[in-house]
There are 2 protein chains.
Amino acid sequence: VAETAALVEGRALIVGAGLMGGSVGMVLRERGWHVSGVDAEPSRAQLGVEVGAFDVAGDDLTAELIVVCVPVSQVAEVAAGYLDRGAIVTDIGSTKANIVNRLNHPRFVGGHPMAGSERDGIAASDALMFEGRTWVLTPVETTDPNAYARLHTLVSSFGATVVSVPPDRHDELVAIVSHVPHLAAAALMGVAASAAEEHATLLRLAAGGFRDMTRIAAGHPTIWLDICAENRDAIVDVLGQLIEALSEMRDAVEDNDRPGLNRVLTMARAARVNLPTGAPPAEELLEIWIPIPDRPGFIAEISTLASELNVNIYDIEVTHALEARRGTLVLVVDVTKGDLLRGGLMARGFKPSISRLGER
Amino acid sequence: VAETAALVEGRALIVGAGLMGGSVGMVLRERGWHVSGVDAEPSRAQLGVEVGAFDVAGDDLTAELIVVCVPVSQVAEVAAGYLDRGAIVTDIGSTKANIVNRLNHPRFVGGHPMAGSERDGIAASDALMFEGRTWVLTPVETTDPNAYARLHTLVSSFGATVVSVPPDRHDELVAIVSHVPHLAAAALMGVAASAAEEHATLLRLAAGGFRDMTRIAAGHPTIWLDICAENRDAIVDVLGQLIEALSEMRDAVEDNDRPGLNRVLTMARAARVNLPTGAPPAEELLEIWIPIPDRPGFIAEISTLASELNVNIYDIEVTHALEARRGTLVLVVDVTKGDLLRGGLMARGFKPSISRLGER
């Protein structure tokens with residue numbers, strides 16, 4: 001897509017020199033960016049330079065992209081201090097509703113790369129951390145379409161797949177796929193550790209499945225304490241659902257209810273086998289051209305719709321003058337998904353047209 | 001250990017041509033064995049020959065090793081039919097107490113390789129499946145020491161680490177590290193699948209941690225139904241412990257009990273980080289020579305003691321005439337663990353002596 005207004009070889013500022021900030025810095029540098037890094041603890045930013053995550057330690061008032069990579073409980077306060085610079089500001093926090101609602105700014109686009117590592121600290125940074133992973137963006141009605149499109153394109157260039165959801169929906173969903181699984185892994189590990197005090201043999205029996213299941217329990221506890229505080233209601237709700245499901249299983253095992261147990265295990269297996277993988281982009285792609293309507297919030301609406309329809313947007317651009325609200329939004333999608341997304345867009349009053357990639 | 005009475009280039013019979021039977025057959029063939037395979041469904045045994053798991057499909061009355069690889073609910077009945085042949089008989093079932101108690105035979109040594117795959121069927125067989133994994137053996141008082149020692153040596157040659165535990169203890173421990181984690185993964189997957197019916201986006205957010213945690217939910221349901229029936233009491237008990245741990249977590253999140261949550265998460269993290277890995281054998285090894293005492297059950301006692309003391313036995317052999325009960329048992333262990341195991345053995349009335357590998 002030749003005209004993509006991608007941020008290339010620009011200047012970025014990473015605020016917070018931990019594992020994620022370092023990894024974002026590294027991949028930006030690999031893409032030709034100049035990256036500055038700051039941290040409340042200056043020695044960490046300096047370490048970021050030493051490990052190749054940042055070009056320099058220190059602020060950059062000219063940065064056009066600012067990525068806030070501080071602990072999730074501090075994101076809103078820290079990001080608020082950078083909004084008046086004219087840069088696109090995003091974050092990598094694991095919860096979104098509190099942050100986005102509090103900042104409520106056109107150039108702040110909430111983000112959450114679904115990636116991480118058992119290790120922490122900037123020395124473990126990895127430019128490949130986002131390759132093949134999902135990177136959630138949470139545009140809202142007030143989000144600047146240009147800021148969103150540029151960030152979408154940039155994050156895609158990291159090898160990540162962008163999924164757009166509203167901030168509150170994001171928080172509900174990550175409670176299910178991330179927060180509660182982490183707590184469950186910790187609970188399992190706790191049960192095993194108690195038993196291991198008595199029987200040293202136990203941990204030697206912990207084979208592949210157990211290691212896989214409990215890997216995320218090795219995450220840094222303070223990160224999870226923040227998450228539990230920020231996303232309390234959804235976590236309590238989903239923990240309740242999990243406890244109920246386990247109680248039903250316990251009853252089924254106790255009662256030798258083979259058909260009941262079979263039903264649950266078969267459904268779980270089918271769902272697991274069908275978990276989507278980070279498939280590589282299709283060879284054949286389509287462009288969907290959408291005249292930008294005269295109403296706010298269309299970027300959030302369209303990107304969220306695509307995610308709900310399970311249509312991956314490989315690239316996105318905004319053509320012509322945005323200020324006049326008469327531009328065109330171009331989405332690049334898999335050729336097999338073009339009609340699906342077009343139908344959804346038409347149902348919502350947009351006027352999309354489809355063309356082969358590069359035909360126009 | 002030059003004199004090891006290892007089973008090399010012998011004849012083996014695999015009973016049950018599934019993923020595990022095929023993988024055992026493959027690794028035996030790689031070690032120079034002649035492997036026959038039978039299955040209630042003859043076409044499966046034939047497929048085993050085609051994929052390289054067996055040399056021939058059909059029985060082998062001269063096999064000196066018989067590995068029963070049928071579903072766990074059928075192991076005792078099937079294995080009983082092979083005990084009068086004079087061969088060493090073992091199995092790969094995921095529960096042990098029912099099987100071992102019911103067979104109660106000197107040449108039956110219960111086994112459980114802690115390995116597996118999301119896939120099933122003999123076509124997915126893999127000679128490397130046991131590399132670096134734990135293979136539990138469950139000798140009891142009546143177990144023939146020679147049969148145990150030969151099996152230990154053979155399984156070690158597959159690249160697996162042997163851990164010996166009594167059958168009932170095995171069942172309690174695998175409920176914690178295998179059975180309940182599997183059920184918990186299925187429960188989590190069930191919660192996610194319900195939510196996904198409403199929000200297609202959910203499964204696209206399922207990143208590494210969730211995929212890792214739920215991988216074992218892809219196992220074949222009928223295997224797990226058998227396991228739940230065979231190991232009911234331990235599973236019900238451990239599920240209860242997990243439900244309790246999750247309920248405490250839910251309360252802590254709901255009450256914003258940061259110190260309480262921190263305690264649980266920190267403990268889980270420490271336990272997870274300390275999970276033993278399949279470390280390669282140490283460069284320096286010791287031999288512990290133990291005059292075989294005039295009492296039955298010493299092989300179960302010694303091998304279980306070593307596992308409880310977290311001492312890996314890299315090789316084991318029985319020298320001189322066993323029938324006279326005046327032989328010597330030689331254990332090969334890490335040089336750093338020699339005194340620990342010697343102390344434990346002396347405390348139990350054995351008379352161990354230590355020598356450098358090959359000094360005698």
# chains A, B, ... in the order shown; residues from 1 in each chain; ligands from 1
>>> calpha_fit_and_write(fixed="chain A", moving="chain B", output="short mmCIF file (atom, residue, chain, number, x, y, z; two decimals) with C-alpha atoms, in the first residue's frame")
data_model
loop_
_atom_site.label_atom_id
_atom_site.label_comp_id
_atom_site.auth_asym_id
_atom_site.auth_seq_id
_atom_site.Cartn_x
_atom_site.Cartn_y
_atom_site.Cartn_z
CA VAL B 1 0.12 -0.28 0.03
CA ALA B 2 2.34 2.41 -1.31
CA GLU B 3 0.62 5.46 0.07
CA THR B 4 0.39 4.25 3.68
CA ALA B 5 1.10 7.17 5.96
CA ALA B 6 3.26 4.91 8.11
CA LEU B 7 5.48 6.26 10.82
CA VAL B 8 8.87 5.24 9.50
CA GLU B 9 12.24 6.26 10.78
CA GLY B 10 10.74 8.72 13.19
CA ARG B 11 11.57 9.58 16.76
CA ALA B 12 10.04 7.71 19.67
CA LEU B 13 10.15 8.08 23.43
CA ILE B 14 9.73 5.07 25.71
CA VAL B 15 8.61 5.95 29.23
CA GLY B 16 9.47 3.12 31.61
CA ALA B 17 12.54 0.96 31.09
CA GLY B 18 11.35 -2.55 31.91
CA LEU B 19 11.00 -5.70 29.86
CA MET B 20 8.16 -4.37 27.70
CA GLY B 21 9.54 -0.87 27.24
CA GLY B 22 12.89 -2.33 26.28
CA SER B 23 11.34 -4.75 23.80
CA VAL B 24 9.27 -1.99 22.15
CA GLY B 25 12.41 0.14 21.96
CA MET B 26 14.40 -2.67 20.37
CA VAL B 27 11.86 -3.44 17.67
CA LEU B 28 11.45 0.29 16.90
CA ARG B 29 15.20 0.62 16.53
CA GLU B 30 15.25 -2.40 14.21
CA ARG B 31 12.64 -0.58 12.08
CA GLY B 32 14.94 2.42 11.80
CA TRP B 33 13.56 4.62 14.55
CA HIS B 34 15.51 6.84 16.90
CA VAL B 35 14.48 5.75 20.38
CA SER B 36 14.93 7.65 23.63
CA GLY B 37 14.11 6.07 26.97
CA VAL B 38 13.34 7.50 30.39
CA ASP B 39 12.62 5.85 33.71
CA ALA B 40 11.96 7.06 37.25
CA GLU B 41 15.18 5.17 38.03
CA PRO B 42 17.72 6.68 35.57
CA SER B 43 20.11 3.73 35.84
CA ARG B 44 17.46 1.50 34.25
CA ALA B 45 17.21 3.79 31.22
CA GLN B 46 20.99 3.71 30.99
CA LEU B 47 20.92 -0.08 31.10
CA GLY B 48 18.42 0.14 28.24
CA VAL B 49 21.06 1.88 26.15
CA GLU B 50 23.63 -0.75 27.07
CA VAL B 51 21.43 -3.67 26.01
CA GLY B 52 20.46 -1.95 22.74
CA ALA B 53 16.86 -1.06 23.61
CA PHE B 54 17.38 2.72 23.41
CA ASP B 55 19.64 5.01 21.42
CA VAL B 56 19.86 7.43 24.32
CA ALA B 57 18.69 7.69 27.91
CA GLY B 58 16.68 10.84 28.50
CA ASP B 59 13.63 12.74 27.29
CA ASP B 60 12.96 13.68 23.65
CA LEU B 61 10.63 16.66 23.24
CA THR B 62 10.48 16.09 19.47
CA ALA B 63 9.27 12.45 19.63
CA GLU B 64 6.17 11.90 17.50
CA LEU B 65 5.39 8.63 19.29
CA ILE B 66 5.40 8.15 23.04
CA VAL B 67 4.95 4.63 24.45
CA VAL B 68 4.14 4.54 28.15
CA CYS B 69 5.46 1.29 29.60
CA VAL B 70 5.13 1.89 33.34
CA PRO B 71 3.19 -0.40 35.73
CA VAL B 72 -0.50 -0.42 34.88
CA SER B 73 -1.51 1.41 38.06
CA GLN B 74 0.64 4.40 37.03
CA VAL B 75 -0.14 4.60 33.29
CA ALA B 76 -2.95 7.17 33.43
CA GLU B 77 -1.02 9.58 35.62
CA VAL B 78 2.21 9.27 33.63
CA ALA B 79 0.56 9.42 30.19
CA ALA B 80 -1.40 12.54 31.18
CA GLY B 81 1.89 14.39 31.46
CA TYR B 82 2.73 13.76 27.78
CA LEU B 83 -0.57 14.54 26.05
CA ASP B 84 0.17 18.24 25.39
CA ARG B 85 3.19 17.50 23.21
CA GLY B 86 1.29 16.80 19.98
CA ALA B 87 2.67 13.24 19.79
CA ILE B 88 0.68 10.05 19.48
CA VAL B 89 0.63 8.50 22.95
CA THR B 90 -0.02 4.83 23.62
CA ASP B 91 0.61 2.38 26.43
CA ILE B 92 1.09 -1.34 26.98
CA GLY B 93 -0.95 -1.79 30.16
CA SER B 94 -2.83 -5.03 30.84
CA THR B 95 -6.10 -3.27 31.69
CA LYS B 96 -7.64 -0.52 29.62
CA ALA B 97 -10.97 0.90 30.83
CA ASN B 98 -9.65 2.91 33.81
CA ILE B 99 -6.79 4.31 31.76
CA VAL B 100 -8.68 5.23 28.59
CA ASN B 101 -11.65 6.71 30.43
CA ARG B 102 -9.45 8.80 32.64
CA LEU B 103 -7.27 10.18 29.81
CA ASN B 104 -10.07 10.56 27.23
CA HIS B 105 -7.87 12.23 24.60
CA PRO B 106 -7.92 11.96 20.74
CA ARG B 107 -4.21 11.24 20.52
CA PHE B 108 -4.12 8.67 23.29
CA VAL B 109 -4.78 5.20 21.89
CA GLY B 110 -4.82 2.48 24.54
CA GLY B 111 -2.75 -0.57 23.70
CA HIS B 112 -2.04 -4.00 25.13
CA PRO B 113 0.42 -6.37 23.47
CA MET B 114 -0.54 -9.91 24.52
CA ALA B 115 3.05 -10.95 25.01
CA GLY B 116 5.46 -11.30 27.85
CA SER B 117 8.03 -13.51 29.39
CA GLU B 118 8.76 -15.37 32.61
CA ARG B 119 11.70 -13.03 33.01
CA ASP B 120 11.47 -9.37 33.82
CA GLY B 121 13.78 -6.37 33.64
CA ILE B 122 15.06 -4.54 30.59
CA ALA B 123 18.05 -6.87 30.20
CA ALA B 124 15.62 -9.58 29.01
CA SER B 125 14.24 -7.35 26.21
CA ASP B 126 13.60 -9.05 22.90
CA ALA B 127 12.81 -7.41 19.56
CA LEU B 128 10.92 -10.57 18.52
CA MET B 129 8.62 -10.51 21.55
CA PHE B 130 5.62 -9.34 19.52
CA GLU B 131 6.14 -11.52 16.45
CA GLY B 132 2.97 -13.50 15.82
CA ARG B 133 1.26 -12.12 18.94
CA THR B 134 -1.97 -10.20 19.29
CA TRP B 135 -1.70 -6.47 20.06
CA VAL B 136 -4.98 -5.02 21.27
CA LEU B 137 -5.81 -1.40 20.52
CA THR B 138 -8.80 0.22 22.19
CA PRO B 139 -10.00 3.17 20.10
CA VAL B 140 -13.04 5.06 21.37
CA GLU B 141 -15.41 7.60 19.89
CA THR B 142 -13.02 10.49 20.39
CA THR B 143 -9.94 8.71 18.97
CA ASP B 144 -8.14 10.54 16.14
CA PRO B 145 -8.43 8.21 13.10
CA ASN B 146 -5.04 9.24 11.83
CA ALA B 147 -3.38 8.46 15.14
CA TYR B 148 -5.11 5.09 15.22
CA ALA B 149 -4.21 4.21 11.62
CA ARG B 150 -0.54 5.12 12.08
CA LEU B 151 -0.30 3.12 15.28
CA HIS B 152 -2.07 0.14 13.68
CA THR B 153 0.39 0.14 10.78
CA LEU B 154 3.37 0.46 13.08
CA VAL B 155 2.33 -2.31 15.45
CA SER B 156 1.59 -4.59 12.48
CA SER B 157 5.15 -3.95 11.30
CA PHE B 158 6.35 -5.49 14.58
CA GLY B 159 4.86 -8.78 13.36
CA ALA B 160 1.84 -8.48 15.67
CA THR B 161 -1.80 -8.86 14.69
CA VAL B 162 -3.95 -5.91 15.74
CA VAL B 163 -7.30 -6.63 17.37
CA SER B 164 -9.53 -3.67 18.23
CA VAL B 165 -12.01 -3.80 21.07
CA PRO B 166 -13.65 -1.21 23.32
CA PRO B 167 -11.69 -0.74 26.58
CA ASP B 168 -14.30 -2.23 28.90
CA ARG B 169 -14.80 -5.27 26.69
CA HIS B 170 -11.03 -5.72 26.59
CA ASP B 171 -10.95 -5.89 30.37
CA GLU B 172 -13.68 -8.54 30.51
CA LEU B 173 -11.96 -10.68 27.88
CA VAL B 174 -8.46 -10.53 29.37
CA ALA B 175 -9.89 -11.54 32.75
CA ILE B 176 -10.85 -14.77 30.98
CA VAL B 177 -7.79 -15.41 28.82
CA SER B 178 -5.07 -13.91 30.98
CA HIS B 179 -5.82 -12.73 34.50
CA VAL B 180 -7.79 -15.69 35.83
CA PRO B 181 -5.54 -18.26 34.08
CA HIS B 182 -2.62 -16.64 35.88
CA LEU B 183 -4.37 -16.83 39.24
CA ALA B 184 -5.41 -20.42 38.53
CA ALA B 185 -1.81 -21.34 37.70
CA ALA B 186 -0.69 -19.79 40.96
CA ALA B 187 -3.39 -21.68 42.87
CA LEU B 188 -2.33 -24.97 41.25
CA MET B 189 1.30 -24.24 42.01
CA GLY B 190 0.30 -23.51 45.62
CA VAL B 191 -1.48 -26.85 45.96
CA ALA B 192 1.55 -28.62 44.49
CA ALA B 193 4.02 -26.75 46.67
CA SER B 194 2.12 -27.71 49.84
CA ALA B 195 2.15 -31.36 48.86
CA ALA B 196 5.81 -31.14 47.87
CA GLU B 197 6.78 -30.15 51.39
CA GLU B 198 5.80 -33.64 52.40
CA HIS B 199 6.86 -35.52 49.26
CA ALA B 200 9.99 -34.33 47.50
CA THR B 201 9.22 -36.74 44.69
CA LEU B 202 6.21 -34.69 43.64
CA LEU B 203 8.02 -31.97 41.80
CA ARG B 204 10.09 -34.51 39.90
CA LEU B 205 6.86 -35.86 38.47
CA ALA B 206 5.85 -32.45 37.18
CA ALA B 207 6.09 -33.18 33.49
CA GLY B 208 5.34 -31.11 30.40
CA GLY B 209 1.66 -30.46 31.01
CA PHE B 210 2.16 -29.18 34.53
CA ARG B 211 5.13 -27.07 33.52
CA ASP B 212 3.13 -25.56 30.66
CA MET B 213 0.12 -24.88 32.86
CA THR B 214 2.04 -23.19 35.61
CA ARG B 215 4.56 -21.27 33.50
CA ILE B 216 2.64 -18.02 33.87
CA ALA B 217 2.73 -18.36 37.65
CA ALA B 218 6.37 -17.30 37.38
CA GLY B 219 5.29 -13.75 36.47
CA HIS B 220 6.28 -10.88 38.73
CA PRO B 221 3.78 -10.73 41.65
CA THR B 222 3.55 -6.94 41.86
CA ILE B 223 2.38 -6.69 38.25
CA TRP B 224 -0.47 -9.03 39.11
CA LEU B 225 -1.40 -7.20 42.27
CA ASP B 226 -1.89 -4.06 40.17
CA ILE B 227 -3.92 -5.96 37.61
CA CYS B 228 -6.14 -7.48 40.30
CA ALA B 229 -6.81 -4.01 41.67
CA GLU B 230 -7.44 -2.44 38.24
CA ASN B 231 -9.68 -5.20 36.92
CA ARG B 232 -11.24 -6.39 40.14
CA ASP B 233 -14.86 -6.86 39.12
CA ALA B 234 -14.20 -8.85 35.97
CA ILE B 235 -11.65 -11.05 37.74
CA VAL B 236 -13.98 -11.80 40.65
CA ASP B 237 -16.74 -12.68 38.18
CA VAL B 238 -14.58 -15.03 36.08
CA LEU B 239 -12.99 -16.65 39.14
CA GLY B 240 -16.53 -17.42 40.26
CA GLN B 241 -17.28 -19.06 36.91
CA LEU B 242 -14.12 -21.17 37.13
CA ILE B 243 -14.86 -22.26 40.70
CA GLU B 244 -18.34 -23.29 39.59
CA ALA B 245 -16.99 -25.27 36.62
CA LEU B 246 -14.48 -27.06 38.85
CA SER B 247 -17.14 -27.84 41.44
CA GLU B 248 -19.29 -29.43 38.73
CA MET B 249 -16.29 -31.48 37.64
CA ARG B 250 -15.58 -32.61 41.16
CA ASP B 251 -19.17 -33.76 41.54
CA ALA B 252 -19.05 -35.58 38.20
CA VAL B 253 -15.82 -37.41 39.16
CA GLU B 254 -17.18 -38.28 42.60
CA ASP B 255 -20.45 -39.61 41.14
CA ASN B 256 -18.72 -41.48 38.30
CA ASP B 257 -20.84 -39.40 35.92
CA ARG B 258 -19.03 -40.49 32.78
CA PRO B 259 -21.44 -38.93 30.24
CA GLY B 260 -21.41 -35.58 32.07
CA LEU B 261 -17.63 -35.54 32.30
CA ASN B 262 -17.32 -36.61 28.68
CA ARG B 263 -19.51 -33.69 27.59
CA VAL B 264 -17.34 -31.16 29.41
CA LEU B 265 -14.02 -32.64 28.28
CA THR B 266 -15.14 -33.03 24.67
CA MET B 267 -16.32 -29.45 24.49
CA ALA B 268 -13.09 -28.19 26.02
CA ARG B 269 -11.05 -30.24 23.61
CA ALA B 270 -12.93 -28.94 20.58
CA ALA B 271 -12.55 -25.35 21.75
CA ARG B 272 -8.84 -25.83 22.44
CA VAL B 273 -8.12 -27.46 19.10
CA ASN B 274 -9.89 -24.57 17.39
CA LEU B 275 -7.94 -21.86 19.19
CA PRO B 276 -6.80 -19.53 16.43
CA THR B 277 -3.09 -19.50 15.73
CA GLY B 278 -1.12 -16.55 14.48
CA ALA B 279 -1.50 -17.55 10.85
CA PRO B 280 0.69 -15.69 8.37
CA PRO B 281 -1.02 -13.10 6.21
CA ALA B 282 -2.80 -14.60 3.22
CA GLU B 283 -1.13 -14.28 -0.17
CA GLU B 284 -4.14 -12.58 -1.67
CA LEU B 285 -5.38 -9.39 -0.15
CA LEU B 286 -8.19 -6.97 -0.86
CA GLU B 287 -8.60 -3.29 -0.21
CA ILE B 288 -11.88 -2.02 1.16
CA TRP B 289 -12.35 1.70 0.47
CA ILE B 290 -14.72 3.48 2.81
CA PRO B 291 -15.67 7.13 2.38
CA ILE B 292 -15.25 8.59 5.85
CA PRO B 293 -18.69 9.53 7.17
CA ASP B 294 -19.53 12.78 8.84
CA ARG B 295 -19.68 11.37 12.34
CA PRO B 296 -17.19 10.82 15.11
CA GLY B 297 -16.02 7.48 16.40
CA PHE B 298 -16.00 5.65 13.06
CA ILE B 299 -12.46 4.38 13.51
CA ALA B 300 -13.35 2.66 16.77
CA GLU B 301 -16.59 1.35 15.27
CA ILE B 302 -14.99 -0.08 12.13
CA SER B 303 -11.92 -1.57 13.75
CA THR B 304 -13.99 -3.17 16.50
CA LEU B 305 -16.48 -4.51 13.95
CA ALA B 306 -13.66 -6.14 12.01
CA SER B 307 -12.34 -7.81 15.16
CA GLU B 308 -15.83 -9.04 16.13
CA LEU B 309 -16.26 -10.51 12.62
CA ASN B 310 -12.86 -12.16 13.05
CA VAL B 311 -11.51 -10.23 10.06
CA ASN B 312 -7.86 -9.36 10.45
CA ILE B 313 -6.94 -5.92 9.14
CA TYR B 314 -3.44 -6.27 7.72
CA ASP B 315 -3.04 -2.59 6.95
CA ILE B 316 -5.03 0.56 7.41
CA GLU B 317 -4.60 4.06 6.03
CA VAL B 318 -6.43 7.33 5.88
CA THR B 319 -6.21 9.14 2.55
CA HIS B 320 -6.80 12.84 1.80
CA ALA B 321 -7.49 15.59 4.23
CA LEU B 322 -8.77 14.38 7.53
CA GLU B 323 -9.56 17.79 8.89
CA ALA B 324 -12.29 18.23 6.29
CA ARG B 325 -13.76 14.88 7.31
CA ARG B 326 -13.99 13.96 3.63
CA GLY B 327 -11.21 11.44 3.41
CA THR B 328 -11.24 7.74 2.61
CA LEU B 329 -10.35 4.92 4.92
CA VAL B 330 -8.59 2.00 3.24
CA LEU B 331 -8.51 -1.38 4.96
CA VAL B 332 -6.42 -4.29 3.70
CA VAL B 333 -8.00 -7.68 4.44
CA ASP B 334 -7.83 -11.32 3.36
CA VAL B 335 -9.54 -11.90 0.01
CA THR B 336 -11.82 -14.50 1.60
CA LYS B 337 -13.07 -12.03 4.20
CA GLY B 338 -13.90 -9.09 1.94
CA ASP B 339 -17.60 -9.76 1.53
CA LEU B 340 -18.09 -10.49 5.21
CA LEU B 341 -16.61 -7.19 6.30
CA ARG B 342 -18.33 -5.30 3.48
CA GLY B 343 -21.68 -6.74 4.61
CA GLY B 344 -21.06 -5.68 8.19
CA LEU B 345 -20.03 -2.21 7.12
CA MET B 346 -23.09 -1.76 4.91
CA ALA B 347 -25.36 -2.92 7.73
CA ARG B 348 -23.93 -0.09 9.80
CA GLY B 349 -24.50 2.55 7.13
CA PHE B 350 -21.01 2.74 5.66
CA LYS B 351 -20.55 2.73 1.88
CA PRO B 352 -17.62 0.39 1.29
CA SER B 353 -16.23 -0.61 -2.07
CA ILE B 354 -13.77 -3.42 -2.75
CA SER B 355 -10.79 -3.51 -5.04
CA ARG B 356 -7.86 -5.84 -5.55
CA LEU B 357 -4.74 -4.67 -3.82
CA GLY B 358 -3.08 -1.90 -5.81
CA GLU B 359 -5.78 -1.72 -8.52
CA ARG B 360 -6.60 1.89 -7.81
#
>>> select_by_dssp(residues="stretch 8-81 of chain A", states="alpha helix (DSSP H)", output="compact mmCIF listing (two decimals) with N, CA and C atoms, in the first residue's frame")
# COMPACT_ATOMS: atom_id res chain seq x y z
N LEU A 19 10.96 -4.72 30.92
CA LEU A 19 11.01 -5.72 29.85
C LEU A 19 10.23 -5.27 28.61
N MET A 20 9.00 -4.74 28.83
CA MET A 20 8.17 -4.38 27.69
C MET A 20 8.69 -3.11 27.02
N GLY A 21 9.03 -2.11 27.80
CA GLY A 21 9.56 -0.88 27.24
C GLY A 21 10.82 -1.16 26.43
N GLY A 22 11.67 -2.01 26.97
CA GLY A 22 12.91 -2.35 26.27
C GLY A 22 12.64 -3.08 24.96
N SER A 23 11.65 -3.98 25.00
CA SER A 23 11.34 -4.75 23.79
C SER A 23 10.73 -3.86 22.71
N VAL A 24 9.85 -2.94 23.12
CA VAL A 24 9.28 -1.99 22.15
C VAL A 24 10.40 -1.13 21.57
N GLY A 25 11.31 -0.67 22.44
CA GLY A 25 12.43 0.13 21.97
C GLY A 25 13.29 -0.63 20.96
N MET A 26 13.57 -1.89 21.27
CA MET A 26 14.42 -2.68 20.37
C MET A 26 13.80 -2.86 19.00
N VAL A 27 12.50 -3.19 18.97
CA VAL A 27 11.88 -3.43 17.67
C VAL A 27 11.74 -2.12 16.90
N LEU A 28 11.50 -1.03 17.60
CA LEU A 28 11.47 0.27 16.92
C LEU A 28 12.83 0.59 16.32
N ARG A 29 13.89 0.36 17.06
CA ARG A 29 15.24 0.63 16.54
C ARG A 29 15.52 -0.24 15.32
N GLU A 30 15.08 -1.50 15.38
CA GLU A 30 15.27 -2.38 14.21
C GLU A 30 14.54 -1.85 12.99
N PRO A 42 16.92 6.39 36.79
CA PRO A 42 17.73 6.66 35.59
C PRO A 42 18.70 5.54 35.21
N SER A 43 19.16 4.77 36.18
CA SER A 43 20.12 3.70 35.86
C SER A 43 19.47 2.64 34.98
N ARG A 44 18.15 2.47 35.11
CA ARG A 44 17.47 1.48 34.26
C ARG A 44 17.44 1.95 32.81
N ALA A 45 17.21 3.25 32.61
CA ALA A 45 17.22 3.78 31.24
C ALA A 45 18.63 3.63 30.64
N GLN A 46 19.63 3.85 31.46
CA GLN A 46 21.02 3.71 31.00
C GLN A 46 21.30 2.25 30.62
N LEU A 47 20.77 1.32 31.44
CA LEU A 47 20.93 -0.10 31.12
C LEU A 47 20.25 -0.41 29.78
N GLY A 48 19.11 0.28 29.53
CA GLY A 48 18.42 0.10 28.26
C GLY A 48 19.31 0.46 27.08
N VAL A 49 20.12 1.50 27.23
CA VAL A 49 21.06 1.87 26.16
C VAL A 49 22.11 0.77 26.00
N GLU A 50 22.59 0.27 27.14
CA GLU A 50 23.64 -0.76 27.09
C GLU A 50 23.17 -2.05 26.42
N VAL A 75 -0.10 4.15 34.67
CA VAL A 75 -0.14 4.58 33.27
C VAL A 75 -0.90 5.89 33.10
N ALA A 76 -2.11 5.98 33.67
CA ALA A 76 -2.94 7.16 33.42
C ALA A 76 -2.22 8.42 33.89
N GLU A 77 -1.67 8.38 35.08
CA GLU A 77 -1.01 9.57 35.62
C GLU A 77 0.21 9.96 34.78
N VAL A 78 1.02 8.96 34.41
CA VAL A 78 2.23 9.25 33.63
C VAL A 78 1.87 9.74 32.23
N ALA A 79 0.93 9.04 31.58
CA ALA A 79 0.57 9.41 30.20
C ALA A 79 -0.02 10.82 30.14
N ALA A 80 -0.77 11.19 31.17
CA ALA A 80 -1.40 12.52 31.20
C ALA A 80 -0.35 13.62 31.04
>>> select_by_dssp(residues="stretch 59-121 of chain B", states="strand (DSSP E)", output="number ranges by chain")
B: 65-68, 88-91, 108-113
>>> decode(residues="stretch 220-226 of chain A", atoms="N, CA, C and O atoms", output="CSV table (one decimal), in the first residue's frame")
chain,number,residue,atom,x,y,z
A,220,HIS,N,5.9,-11.7,37.5
A,220,HIS,CA,6.2,-10.9,38.6
A,220,HIS,C,5.0,-10.6,39.5
A,220,HIS,O,4.0,-10.0,39.0
A,221,PRO,N,5.0,-10.9,40.8
A,221,PRO,CA,3.8,-10.7,41.6
A,221,PRO,C,3.2,-9.3,41.6
A,221,PRO,O,2.0,-9.1,41.5
A,222,THR,N,4.1,-8.3,41.7
A,222,THR,CA,3.5,-6.9,41.8
A,222,THR,C,2.7,-6.5,40.6
A,222,THR,O,1.7,-5.8,40.7
A,223,ILE,N,3.1,-7.0,39.4
A,223,ILE,CA,2.4,-6.7,38.2
A,223,ILE,C,0.9,-7.2,38.4
A,223,ILE,O,-0.1,-6.5,38.0
A,224,TRP,N,0.8,-8.4,38.9
A,224,TRP,CA,-0.5,-9.0,39.0
A,224,TRP,C,-1.3,-8.4,40.2
A,224,TRP,O,-2.6,-8.4,40.1
A,225,LEU,N,-0.7,-7.9,41.2
A,225,LEU,CA,-1.4,-7.2,42.2
A,225,LEU,C,-2.1,-6.0,41.6
A,225,LEU,O,-3.2,-5.7,41.9
A,226,ASP,N,-1.3,-5.2,40.8
A,226,ASP,CA,-1.9,-4.1,40.1
A,226,ASP,C,-3.1,-4.5,39.2
A,226,ASP,O,-4.1,-3.8,39.2
